[in-house]
Structure formats: structure tokens, C-alpha cells
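Asks: The following file, final_11.cif, comprises mmCIF, C-alpha atoms:
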data_work
loop_
_atom_site.label_atom_id
_atom_site.label_comp_id
_atom_site.auth_asym_id
_atom_site.auth_seq_id
_atom_site.Cartn_x
_atom_site.Cartn_y
_atom_site.Cartn_z
CA MET I 520 0.00 0.00 0.00
CA ALA I 521 1.45 3.30 -1.08
CA MET I 522 1.68 6.18 1.36
CA ASN I 523 1.51 9.82 0.34
CA TYR I 524 3.35 12.52 2.25
CA ASN I 525 4.26 16.17 1.87
CA ALA I 526 7.97 17.10 1.90
CA LYS I 527 7.16 20.19 3.95
CA ASP I 528 5.94 17.99 6.76
CA GLU I 529 9.33 16.27 7.12
CA VAL I 530 11.53 17.14 10.07
CA ASP I 531 14.89 18.67 9.16
CA GLY I 532 17.74 16.19 9.20
CA GLY I 533 15.65 12.98 9.48
CA PRO I 534 13.44 10.66 7.46
CA PRO I 535 9.66 11.14 7.31
CA CYS I 536 7.76 9.65 10.21
CA PRO I 537 4.74 7.35 9.74
CA PRO I 538 1.26 8.65 10.47
CA GLY I 539 0.66 8.79 14.18
CA GLY I 540 4.38 8.27 14.99
CA THR I 541 6.75 10.47 16.97
CA ALA I 542 8.86 12.89 14.95
CA LYS I 543 12.61 12.11 15.01
CA THR I 544 15.16 14.90 14.79
CA ARG I 545 18.90 15.42 15.05
CA ARG I 546 18.46 18.94 16.25
CA PRO I 547 20.02 19.55 19.72
CA ASP I 548 17.71 20.11 22.64
CA ASN I 549 16.48 23.62 23.15
CA THR I 550 18.61 24.32 26.21
CA ALA I 551 20.95 27.19 26.99
CA PHE I 552 23.98 24.89 27.03
CA LYS I 553 23.31 22.97 23.79
CA GLN I 554 22.08 26.06 21.93
CA GLN I 555 25.09 28.08 23.17
CA ARG I 556 23.07 30.74 24.92
CA LEU I 557 25.07 30.69 28.16
CA PRO I 558 26.29 34.05 29.44
CA ALA I 559 29.84 34.77 28.31
CA TRP I 560 32.46 37.47 28.70
CA GLN I 561 34.57 38.37 25.70
CA PRO I 562 37.32 40.85 26.54
CA ILE I 563 38.17 43.44 23.97
CA LEU I 564 41.88 44.21 24.02
CA THR I 565 42.47 47.92 23.83
CA ALA I 566 45.32 50.20 24.77
CA GLY I 567 43.40 51.27 27.85
CA THR I 568 43.26 47.70 29.19
CA VAL I 569 46.52 46.17 27.94
CA LEU I 570 48.99 48.92 28.86
CA PRO I 571 48.01 49.15 32.55
CA THR I 572 48.33 45.36 32.81
CA PHE I 573 51.95 45.44 31.65
CA PHE I 574 52.81 48.29 34.03
CA ILE I 575 51.07 46.62 36.98
CA ILE I 576 52.93 43.34 36.39
CA GLY I 577 56.21 45.23 36.18
CA LEU I 578 55.56 47.28 39.32
CA ILE I 579 54.60 44.16 41.30
CA PHE I 580 57.19 41.67 40.07
CA ILE I 581 60.27 43.92 40.22
CA PRO I 582 59.99 44.77 43.96
CA ILE I 583 59.18 41.14 44.81
CA GLY I 584 62.17 39.93 42.80
CA ILE I 585 64.50 42.45 44.45
CA GLY I 586 63.26 41.40 47.89
CA ILE I 587 63.75 37.69 47.18
CA PHE I 588 67.18 38.27 45.64
CA VAL I 589 68.40 40.38 48.57
CA THR I 590 67.02 37.87 51.07
CA SER I 591 68.80 35.02 49.30
CA ASN I 592 72.11 36.91 49.27
CA ASN I 593 71.81 37.81 52.96
CA ILE I 594 71.86 34.17 54.06
CA ARG I 595 74.95 33.60 56.19
CA GLU I 596 76.47 30.66 57.98
CA ILE I 597 76.38 32.30 61.42
CA GLU I 598 72.58 32.54 61.87
CA GLY I 599 70.40 29.83 63.38
CA ASN I 600 70.77 26.18 62.43
CA VAL I 601 73.25 25.26 59.73
CA PHE I 602 72.26 22.88 56.95
CA MET I 603 74.82 20.67 55.28
CA TYR I 604 74.24 19.89 51.61
CA TYR I 605 76.15 17.78 49.16
CA GLY I 606 76.29 18.94 45.57
CA LEU I 607 76.99 17.23 42.28
CA SER I 608 77.66 18.78 38.88
CA ASN I 609 77.28 17.39 35.37
CA PHE I 610 75.09 14.56 36.65
CA TYR I 611 71.83 14.27 34.73
CA GLN I 612 69.64 12.73 37.39
CA ASN I 613 66.56 13.66 35.37
CA HIS I 614 67.63 11.55 32.39
CA ARG I 615 64.75 9.38 31.21
CA ARG I 616 66.63 6.10 31.60
CA TYR I 617 67.92 7.07 35.04
CA VAL I 618 64.49 8.14 36.30
CA LYS I 619 62.98 4.85 35.10
CA SER I 620 65.82 2.80 36.61
CA ARG I 621 63.97 1.90 39.81
CA ASP I 622 61.21 -0.35 41.09
CA ASP I 623 58.64 1.60 43.12
CA GLY I 624 56.99 -1.64 44.22
CA GLN I 625 60.28 -2.85 45.67
CA LEU I 626 60.88 0.49 47.40
CA ASN I 627 57.39 0.30 48.88
CA GLY I 628 58.17 -3.05 50.52
CA ASP I 629 56.45 -5.43 48.09
CA PRO I 630 57.95 -8.90 48.86
CA SER I 631 57.48 -10.16 45.29
CA ALA I 632 59.19 -7.10 43.79
CA LEU I 633 61.99 -7.44 46.34
CA LEU I 634 63.09 -10.81 44.92
CA ASN I 635 61.98 -10.13 41.34
CA PRO I 636 62.79 -6.49 40.52
CA SER I 637 61.42 -4.71 37.49
CA LYS I 638 63.30 -5.03 34.20
CA GLU I 639 63.52 -1.23 34.20
CA CYS I 640 66.40 -1.62 36.69
CA GLU I 641 68.69 -3.19 34.09
CA PRO I 642 71.69 -3.37 34.09
CA TYR I 643 71.48 -2.94 37.88
CA ARG I 644 68.79 -5.57 38.39
CA ARG I 645 70.83 -8.56 39.50
CA ASN I 646 74.36 -9.16 40.70
CA GLU I 647 75.98 -12.53 41.38
CA ASP I 648 72.67 -14.15 40.40
CA LYS I 649 70.87 -12.34 43.22
CA PRO I 650 68.37 -9.48 42.96
CA ILE I 651 69.78 -6.09 43.93
CA ALA I 652 67.98 -4.21 46.68
CA PRO I 653 67.48 -1.42 45.95
CA CYS I 654 67.74 -2.08 42.23
CA GLY I 655 68.55 0.58 39.64
CA ALA I 656 71.23 3.20 39.08
CA ILE I 657 71.81 4.14 42.73
CA ALA I 658 74.91 5.33 44.59
CA ASN I 659 75.84 7.18 47.79
CA ASN I 660 78.67 8.90 49.72
CA THR I 661 79.23 9.74 53.37
CA LEU I 662 80.50 13.02 54.85
CA GLU I 663 81.95 13.72 58.29
CA LEU I 664 82.82 17.17 59.67
CA PHE I 665 85.38 17.81 62.41
CA GLN I 666 86.62 20.96 64.15
CA VAL I 667 90.40 21.18 64.37
CA GLY I 668 91.58 22.08 67.86
CA ASN I 669 94.75 23.86 69.01
CA ALA I 670 96.77 20.65 69.10
CA SER I 671 95.35 19.47 65.80
CA ASP I 672 92.83 17.40 67.73
CA LEU I 673 89.71 16.58 65.76
CA THR I 674 86.38 17.20 67.50
CA PRO I 675 83.43 15.67 65.60
CA ILE I 676 80.57 18.04 64.83
CA PRO I 677 77.18 16.49 65.75
CA LEU I 678 75.23 16.02 62.54
CA LYS I 679 71.49 15.31 62.74
CA LYS I 680 70.60 12.71 60.11
CA LYS I 681 66.82 12.55 60.58
CA GLY I 682 64.25 15.07 59.43
CA ILE I 683 65.96 15.73 56.09
CA ALA I 684 63.48 13.87 53.85
CA TRP I 685 59.94 14.79 52.83
CA TRP I 686 57.28 13.40 55.16
CA THR I 687 55.34 11.85 52.28
CA ASP I 688 58.44 10.06 51.04
CA LYS I 689 59.36 8.76 54.48
CA ASN I 690 55.89 7.57 55.44
CA VAL I 691 54.14 6.78 52.15
CA LYS I 692 56.42 6.09 49.18
CA PHE I 693 59.19 4.14 50.92
CA ARG I 694 58.63 1.14 53.17
CA ASN I 695 60.62 -1.86 54.28
CA PRO I 696 59.41 -5.39 53.51
CA PRO I 697 56.65 -6.36 55.96
CA GLY I 698 57.21 -8.71 58.86
CA THR I 699 58.46 -8.86 62.42
CA ASP I 700 61.75 -10.59 61.66
CA PRO I 701 65.01 -8.63 61.82
CA LEU I 702 65.53 -6.42 58.80
CA GLU I 703 68.39 -8.58 57.56
CA GLU I 704 66.07 -11.59 57.40
CA ARG I 705 63.45 -9.64 55.49
CA PHE I 706 66.06 -8.74 52.85
CA LYS I 707 67.33 -12.32 52.69
CA GLY I 708 68.07 -13.47 49.15
CA THR I 709 69.08 -10.01 47.89
CA THR I 710 72.44 -8.33 47.43
CA LYS I 711 73.69 -4.76 47.72
CA PRO I 712 74.23 -2.39 44.76
CA VAL I 713 77.63 -2.61 43.12
CA ASN I 714 79.14 0.60 44.53
CA TRP I 715 77.65 0.32 48.02
CA VAL I 716 79.89 -0.51 50.95
CA LYS I 717 77.04 -1.88 53.07
CA PRO I 718 73.78 -3.63 52.18
CA VAL I 719 70.58 -1.65 52.48
CA TYR I 720 69.64 -3.24 55.81
CA MET I 721 72.87 -1.95 57.41
CA LEU I 722 72.66 1.72 56.45
CA ASP I 723 71.91 2.77 60.04
CA SER I 724 71.76 1.24 63.50
CA ASP I 725 68.48 3.07 64.13
CA GLU I 726 65.65 0.78 63.02
CA ASP I 727 63.51 3.78 62.13
CA ASN I 728 66.19 5.04 59.74
CA ASN I 729 67.36 1.81 58.15
CA GLY I 730 66.63 -0.04 54.94
CA PHE I 731 64.39 1.60 52.37
CA ILE I 732 63.29 4.23 54.92
CA ASN I 733 66.82 5.53 55.40
CA GLU I 734 66.51 9.28 54.87
CA ASP I 735 69.84 9.66 53.06
CA PHE I 736 68.64 7.08 50.55
CA ILE I 737 65.21 8.71 50.25
CA VAL I 738 66.70 12.16 49.60
CA TRP I 739 68.93 10.77 46.86
CA MET I 740 66.03 8.94 45.22
CA ARG I 741 64.09 12.21 44.77
CA THR I 742 65.64 13.07 41.40
CA ALA I 743 66.82 16.59 40.63
CA ALA I 744 65.65 18.54 37.59
CA LEU I 745 68.99 20.04 36.56
CA PRO I 746 72.45 18.52 36.07
CA THR I 747 73.96 20.72 38.81
CA PHE I 748 72.08 20.27 42.06
CA ARG I 749 72.39 20.05 45.83
CA LYS I 750 70.65 17.75 48.28
CA LEU I 751 70.20 18.14 52.01
CA TYR I 752 72.57 15.82 53.88
CA ARG I 753 72.67 16.80 57.55
CA LEU I 754 71.42 19.40 60.03
CA ILE I 755 73.74 21.10 62.51
CA GLU I 756 71.47 22.34 65.26
CA ARG I 757 72.22 25.46 67.25
CA LYS I 758 72.75 24.69 70.93
CA ASN I 759 71.96 28.12 72.40
CA ASP I 760 71.80 31.80 71.49
CA LEU I 761 75.10 32.62 73.19
CA HIS I 762 77.33 30.59 70.91
CA PRO I 763 77.35 30.34 67.11
CA THR I 764 76.42 27.05 65.53
CA LEU I 765 79.82 26.76 63.86
CA PRO I 766 82.35 28.98 65.66
CA ALA I 767 85.20 30.51 63.70
CA GLY I 768 88.15 28.20 63.29
CA ARG I 769 89.59 25.37 61.21
CA TYR I 770 87.48 22.44 60.12
CA TYR I 771 88.28 19.08 58.59
CA LEU I 772 85.91 17.34 56.17
CA ASN I 773 86.23 13.60 55.70
CA ILE I 774 84.60 12.17 52.57
CA THR I 775 84.10 8.46 52.06
CA TYR I 776 84.35 8.23 48.29
CA ASN I 777 81.90 5.50 47.30
CA TYR I 778 80.83 6.76 43.90
CA PRO I 779 83.34 7.73 41.17
CA VAL I 780 82.43 10.75 39.04
CA HIS I 781 85.52 11.08 36.80
CA SER I 782 83.94 9.02 34.03
CA PHE I 783 81.39 11.79 33.28
CA ASP I 784 83.54 14.78 34.33
CA GLY I 785 81.46 15.28 37.43
CA ARG I 786 82.35 17.46 40.40
CA LYS I 787 81.39 16.95 44.02
CA ARG I 788 81.12 19.63 46.67
CA MET I 789 79.84 20.25 50.18
CA ILE I 790 77.79 23.32 51.10
CA LEU I 791 77.10 24.79 54.52
CA SER I 792 74.19 27.20 54.62
CA THR I 793 71.41 28.63 56.72
CA ILE I 794 67.86 29.15 55.48
CA SER I 795 65.48 32.08 55.39
CA TRP I 796 61.69 32.39 55.10
CA MET I 797 62.03 31.39 51.43
CA GLY I 798 64.33 28.42 52.00
CA GLY I 799 68.02 28.01 51.20
CA LYS I 800 70.29 30.24 49.19
CA ASN I 801 69.02 30.31 45.62
CA PRO I 802 68.99 33.56 43.60
CA PHE I 803 67.12 32.04 40.63
CA LEU I 804 63.61 32.95 41.82
CA GLY I 805 64.53 36.57 42.50
CA ILE I 806 66.26 36.92 39.12
CA ALA I 807 63.21 35.37 37.40
CA TYR I 808 60.83 37.87 39.04
CA ILE I 809 63.07 40.83 38.18
CA THR I 810 63.43 39.65 34.56
CA ILE I 811 59.69 39.14 34.02
CA GLY I 812 58.84 42.44 35.69
CA SER I 813 61.43 44.34 33.64
CA ILE I 814 60.25 42.79 30.36
CA SER I 815 56.62 43.62 31.17
CA PHE I 816 57.47 47.20 32.11
CA LEU I 817 59.59 47.65 28.96
CA LEU I 818 56.81 46.25 26.76
CA GLY I 819 54.39 48.63 28.42
CA VAL I 820 56.60 51.61 27.57
CA VAL I 821 57.09 50.47 23.96
CA LEU I 822 53.37 49.87 23.41
CA LEU I 823 52.54 53.21 25.02
CA VAL I 824 54.84 55.02 22.59
CA ILE I 825 53.42 53.11 19.61
CA ASN I 826 49.84 53.77 20.69
CA HIS I 827 50.51 57.46 21.24
CA LYS I 828 52.20 57.80 17.83
CA TYR I 829 49.57 56.03 15.74
CA ARG I 830 46.63 57.45 17.65
CA ASN I 831 47.80 60.97 16.84
CA SER I 832 48.32 59.99 13.20
CA SER I 833 44.79 58.57 13.02
CA ASN I 834 43.26 61.74 14.51
CA THR I 835 45.19 63.95 12.05
CA ALA I 836 43.98 61.88 9.12
CA ASP I 837 40.37 62.20 10.26
CA ILE I 838 40.68 65.97 10.49
CA THR I 839 42.26 66.24 7.04
CA ILE I 840 39.51 64.20 5.42
#
How does this structure look as C-alpha cells?
Replies:
Amino acid sequence: MAMNYNAKDEVDGGPPCPPGGTAKTRRPDNTAFKQQRLPAWQPILTAGTVLPTFFIIGLIFIPIGIGIFVTSNNIREIEGNVFMYYGLSNFYQNHRRYVKSRDDGQLNGDPSALLNPSKECEPYRRNEDKPIAPCGAIANNTLELFQVGNASDLTPIPLKKKGIAWWTDKNVKFRNPPGTDPLEERFKGTTKPVNWVKPVYMLDSDEDNNGFINEDFIVWMRTAALPTFRKLYRLIERKNDLHPTLPAGRYYLNITYNYPVHSFDGRKRMILSTISWMGGKNPFLGIAYITIGSISFLLGVVLLVINHKYRNSSNTADITI
């Protein structure tokens, strides 16, 4: 049976519907969102809005940058607690292969990952047919500081080794294998990294600072972004307000050289520093603020001159016409 219909009765975008049926359509619903009728704000960039923005950024950033830069340069070794850092140059700790050369499951105390590390740790995955714990491209050094007395006697400087790692790293990311057995038993069947003097379960006599939760190890495992970096090593606490933390005199630094750096032309160093409200000595942030503020202020001046020149030209042309 043939069916007659009028093309005008069809719904746009769809086939004709049978008599008595519901009309089908591809048209979006008549809502503010689907019909794009939501309120919107479209800024119009004019000289009156752009130029003040550049000047405001310049006037804000330059004083902040100067303040940060001066504060960083005023950090001295005679104020408050003294922080001991170790530095390394020409060492690309952020290299893709180095960053991947670890097993987070093993570092988090997973027993299966402890004995079967990830293949990402190659070529530091196994040694002497035993899994390395911790696996990956890891290394460490030890530093000791002594004060030289009148008779060349060496007095060790107390160095606080806890409280140098991030809380989240210490309590969340790094854990020892579970169990109540001694730590050495829980690491049974593994071997130490090639350049380590001691296995991971003998890094410290303090059980709360041994194994994978050793804070020296945790600090090293937080990779740096640049090839020249420093990492917090120890804290020299100030005893009282009457005596400086490190009195003037001669000091002797003993370095246990566990990791060679000559192969990549690296350079090691030790830094003693205090901190301020913005952290340790680092002029980069202050220089960055001053640079951005100066560029914004300079652009504001240039655009102001250009706007003034062409605006006058446009007005003159209108009058002539």
C-alpha cells in the first residue's frame, strides 16, 4: 500500500515519520547549554586595558624579585641552624633512563618485587645471580665534619641525620618489607648495589632510619631537575643563642668516596648554609621575578609610545579628510 506525504511535513535532518508516529530529529535540545546561549564574557583588548596590565605586572614583580634576591644573598652561615648539603655537577639525574631505573613496588616493601625487581632496573637488576635491593642506578657517599683544635685534635661536629626527607616520602612512598623478623632476614636473598659498601639493611643502627626508609637514601632517590644540584645531607642544630652554631676556626671534612664521578667529568662539593623564610640560598627565583617584571614594564613603555604615535596619526587623518 502506497503512502503519500508532503515534503514540507518532514523534520529537518531525518526521514519522514509514519502517520501517528513520533517525529525524530537530530536537532540539539532547546537548552541554553546545547544552543550556546550561556552568558559569556569576551574581553576586547584595547590600549586602555593592555597597557596598565603590563605596568602593573612590572611594578609588582620587580619589587618582589628584588626582595627575594636580597634575602637570598643575605643568608649567612652564622645565623640559626646550619644545613649541610652535598652537591653534584654534570650529573643528569633527570635523564629518562635514570628516572625509570627503579622499582617503586620494591621500594614500597612489596615482597614479590623485592626478589623479582622490574626489568627497568637493568643493568642494575641482579648481581651474582641475586636481585639487587634497591635495584637501579643508585649510589651514595658519606661526609663527616670535624673541628680542628689547638693541638690538631679533631672534635666531631654532631650532625642530625633525621628530618631531612619529605614526610610523604618517608611515610608513604618508601617502606621496608613487611614482617616482624630482623631487617636482615626480610632482605634475605638479595644483594647490595655494586658501589655500596654496606647492604641496604645496614645503612643505620636506628631501626627507624634503616633499609628503604633511610633518609639519606630517600633524599637521593628524589631526582633533581637540573644537572647541577644540591641535596640536604645533615642538620647542625644550634645549641643556644650565646654561641654560634659553627664557631670561627679550622674544620676538617672527611669524605668516604663511594661513587666515582671522573667518568662523566662530574664534580662533588659540600655546602654549609642557613635558610630564610624562602628556604636556602638560591637567587634564581629573585632573578626570574626581576626579569619578568622588567620585560613587562619595557613592553608597556614600547606599546605606550606606539599607541601614542599612531593614535595621533589617526586623529590627524580624520581631520584632514
Asks: Which is closer to Pro696 in chain I than all the others in I:Ser608, I:Asn593, I:Thr764, I:Asn729, using all atoms listed in the file?
Replies: I:Asn729
Asks: Point out the residue among I:Gly785, I:Pro763, I:Pro802, I:Pro697 with the least atom-to-atom distance to Pro746 in chain I, counting all atoms listed in the file.
Replies: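 Of I:Gly785, I:Pro763, I:Pro802, I:Pro697, the one nearest Pro746 in chain I is I:Gly785, counting all atoms listed in the file.
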Asks: Just give me the gap between CA of Ile583 in chain I and CA of Met789 in chain I in Å, one decimal is fine.
Replies: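 That distance, rounded to one decimal, is 29.9 Å.
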Asks: For the PyMOL selection byres ((chain I and resi 643) around 7), applied here, can you spell out every residue it catches as a PDB file with C-alpha atoms, in the frame of the given file?
Replies:
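Writing done, so here's out.pdb:
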ATOM      1  CA  CYS I 640      66.400  -1.620  36.690  1.00  0.00           C
ATOM      2  CA  GLU I 641      68.690  -3.190  34.090  1.00  0.00           C
ATOM      3  CA  PRO I 642      71.690  -3.370  34.090  1.00  0.00           C
ATOM      4  CA  ARG I 644      68.790  -5.570  38.390  1.00  0.00           C
ATOM      5  CA  ARG I 645      70.830  -8.560  39.500  1.00  0.00           C
ATOM      6  CA  CYS I 654      67.740  -2.080  42.230  1.00  0.00           C
ATOM      7  CA  GLY I 655      68.550   0.580  39.640  1.00  0.00           C
ATOM      8  CA  ALA I 656      71.230   3.200  39.080  1.00  0.00           C
TER       9      ALA I 656
END
Asks: Excluding same-chain residues fewer than 4 positions from Gly812 in chain I, what lies within 7 Å of it counting all atoms listed in the file, as an NGL selection string?
Replies: :I and (576-578 or 580-581 or 808 or 816)
Asks: Kindly save the residues from that selection, with C-alpha atoms included, as a PDB file, in the coordinates of the input.
Replies:
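Done, and the output landed in out06.pdb:
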ATOM      1  CA  ILE I 576      52.930  43.340  36.390  1.00  0.00           C
ATOM      2  CA  GLY I 577      56.210  45.230  36.180  1.00  0.00           C
ATOM      3  CA  LEU I 578      55.560  47.280  39.320  1.00  0.00           C
ATOM      4  CA  PHE I 580      57.190  41.670  40.070  1.00  0.00           C
ATOM      5  CA  ILE I 581      60.270  43.920  40.220  1.00  0.00           C
ATOM      6  CA  TYR I 808      60.830  37.870  39.040  1.00  0.00           C
ATOM      7  CA  PHE I 816      57.470  47.200  32.110  1.00  0.00           C
TER       8      PHE I 816
END
Asks: Between I:Phe783, I:Phe588, I:Phe573, I:Trp560, which residue has the minimum interatomic distance to Gly805 in chain I, considering only C-alpha atoms?
Replies: I:Phe588
Asks: Within 9 Å of Gly768 in chain I, counting only C-alpha atoms, which residues show up once you throw out same-chain ones fewer than 3 positions away? Write them as a PDB file with C-alpha atoms, in the frame of the given file, please.
Replies:
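Listing of out_24.pdb after writing:
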ATOM      1  CA  GLN I 666      86.620  20.960  64.150  1.00  0.00           C
ATOM      2  CA  VAL I 667      90.400  21.180  64.370  1.00  0.00           C
ATOM      3  CA  GLY I 668      91.580  22.080  67.860  1.00  0.00           C
ATOM      4  CA  LEU I 765      79.820  26.760  63.860  1.00  0.00           C
TER       5      LEU I 765
END
Asks: Separation of CA of Pro712 in chain I and CA of Met603 in chain I, in Å?
Replies: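 Computed distance, CA of Pro712 in chain I to CA of Met603 in chain I, equals 25.4 Å.
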Asks: Using only C-alpha atoms, which of the listed residues (I:Asp725, I:Glu598, I:Asp648, I:Asp623) sits closest to Arg694 in chain I?
Replies: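 Of I:Asp725, I:Glu598, I:Asp648, I:Asp623, the one nearest Arg694 in chain I is I:Asp623, counting only C-alpha atoms.
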Asks: Just want the 12 Å neighbourhood of Ala566 in chain I, counted on all atoms listed in the file, with same-chain residues fewer than 5 positions away dropped. Output as number ranges by chain.
Replies: I: 571-573, 819-827, 829-830
Asks: Determine the nearest neighbour of Leu702 in chain I from the options I:Leu804, I:Ile809, I:Val719, I:Ala652, counting all atoms listed in the file.
Replies: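 For Leu702 in chain I, the nearest of the candidates is I:Val719.
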Asks: Kindly add all heavy atoms to the incomplete range 708-718 of chain I and provide the output as a short mmCIF file (atom, residue, chain, number, x, y, z; two decimals), in the frame of the given file.
Replies:
data_model
loop_
_atom_site.label_atom_id
_atom_site.label_comp_id
_atom_site.auth_asym_id
_atom_site.auth_seq_id
_atom_site.Cartn_x
_atom_site.Cartn_y
_atom_site.Cartn_z
N GLY I 708 68.16 -13.09 50.56
CA GLY I 708 68.07 -13.47 49.15
C GLY I 708 68.39 -12.34 48.20
O GLY I 708 68.35 -12.53 46.98
N THR I 709 68.72 -11.15 48.73
CA THR I 709 69.08 -10.01 47.89
C THR I 709 70.53 -9.65 48.12
O THR I 709 71.17 -10.14 49.06
CB THR I 709 68.19 -8.79 48.21
OG1 THR I 709 68.46 -8.34 49.55
CG2 THR I 709 66.71 -9.14 48.08
N THR I 710 71.06 -8.80 47.29
CA THR I 710 72.44 -8.33 47.43
C THR I 710 72.47 -6.82 47.29
O THR I 710 71.52 -6.20 46.79
CB THR I 710 73.35 -8.98 46.38
OG1 THR I 710 74.71 -8.61 46.63
CG2 THR I 710 72.97 -8.54 44.97
N LYS I 711 73.57 -6.22 47.73
CA LYS I 711 73.69 -4.76 47.72
C LYS I 711 74.05 -4.26 46.32
O LYS I 711 74.56 -5.01 45.49
CB LYS I 711 74.76 -4.32 48.71
CG LYS I 711 76.17 -4.76 48.34
CD LYS I 711 77.18 -4.29 49.36
CE LYS I 711 78.60 -4.70 48.97
NZ LYS I 711 79.03 -4.07 47.71
N PRO I 712 73.77 -2.97 46.02
CA PRO I 712 74.23 -2.39 44.76
C PRO I 712 75.74 -2.45 44.63
O PRO I 712 76.47 -2.56 45.63
CB PRO I 712 73.73 -0.94 44.85
CG PRO I 712 72.56 -1.00 45.78
CD PRO I 712 72.89 -2.06 46.77
N VAL I 713 76.21 -2.36 43.40
CA VAL I 713 77.63 -2.61 43.12
C VAL I 713 78.55 -1.67 43.89
O VAL I 713 79.54 -2.10 44.48
CB VAL I 713 77.88 -2.49 41.60
CG1 VAL I 713 79.36 -2.70 41.29
CG2 VAL I 713 77.03 -3.49 40.84
N ASN I 714 78.24 -0.38 43.93
CA ASN I 714 79.14 0.60 44.53
C ASN I 714 78.89 0.83 46.02
O ASN I 714 79.52 1.70 46.62
CB ASN I 714 79.03 1.94 43.79
CG ASN I 714 79.63 1.87 42.40
OD1 ASN I 714 80.73 1.38 42.23
ND2 ASN I 714 78.89 2.34 41.42
N TRP I 715 77.95 0.11 46.59
CA TRP I 715 77.65 0.32 48.02
C TRP I 715 78.64 -0.45 48.88
O TRP I 715 79.02 -1.58 48.56
CB TRP I 715 76.23 -0.13 48.33
CG TRP I 715 75.18 0.85 47.90
CD1 TRP I 715 75.27 1.73 46.87
CD2 TRP I 715 73.90 1.05 48.49
NE1 TRP I 715 74.11 2.47 46.76
CE2 TRP I 715 73.26 2.07 47.75
CE3 TRP I 715 73.24 0.46 49.55
CZ2 TRP I 715 71.98 2.52 48.06
CZ3 TRP I 715 71.96 0.91 49.86
CH2 TRP I 715 71.34 1.94 49.13
N VAL I 716 79.02 0.16 50.00
CA VAL I 716 79.89 -0.51 50.95
C VAL I 716 79.10 -1.46 51.83
O VAL I 716 79.55 -2.56 52.17
CB VAL I 716 80.63 0.54 51.81
CG1 VAL I 716 81.49 -0.14 52.87
CG2 VAL I 716 81.47 1.45 50.94
N LYS I 717 77.89 -1.08 52.21
CA LYS I 717 77.04 -1.88 53.07
C LYS I 717 75.74 -2.23 52.35
O LYS I 717 75.29 -1.49 51.48
CB LYS I 717 76.71 -1.12 54.36
CG LYS I 717 77.91 -0.70 55.18
CD LYS I 717 77.47 0.10 56.39
CE LYS I 717 78.67 0.56 57.22
NZ LYS I 717 78.22 1.39 58.37
N PRO I 718 75.11 -3.33 52.72
CA PRO I 718 73.78 -3.63 52.18
C PRO I 718 72.75 -2.66 52.73
O PRO I 718 73.00 -1.95 53.71
CB PRO I 718 73.52 -5.07 52.64
CG PRO I 718 74.40 -5.25 53.82
CD PRO I 718 75.62 -4.40 53.59
#
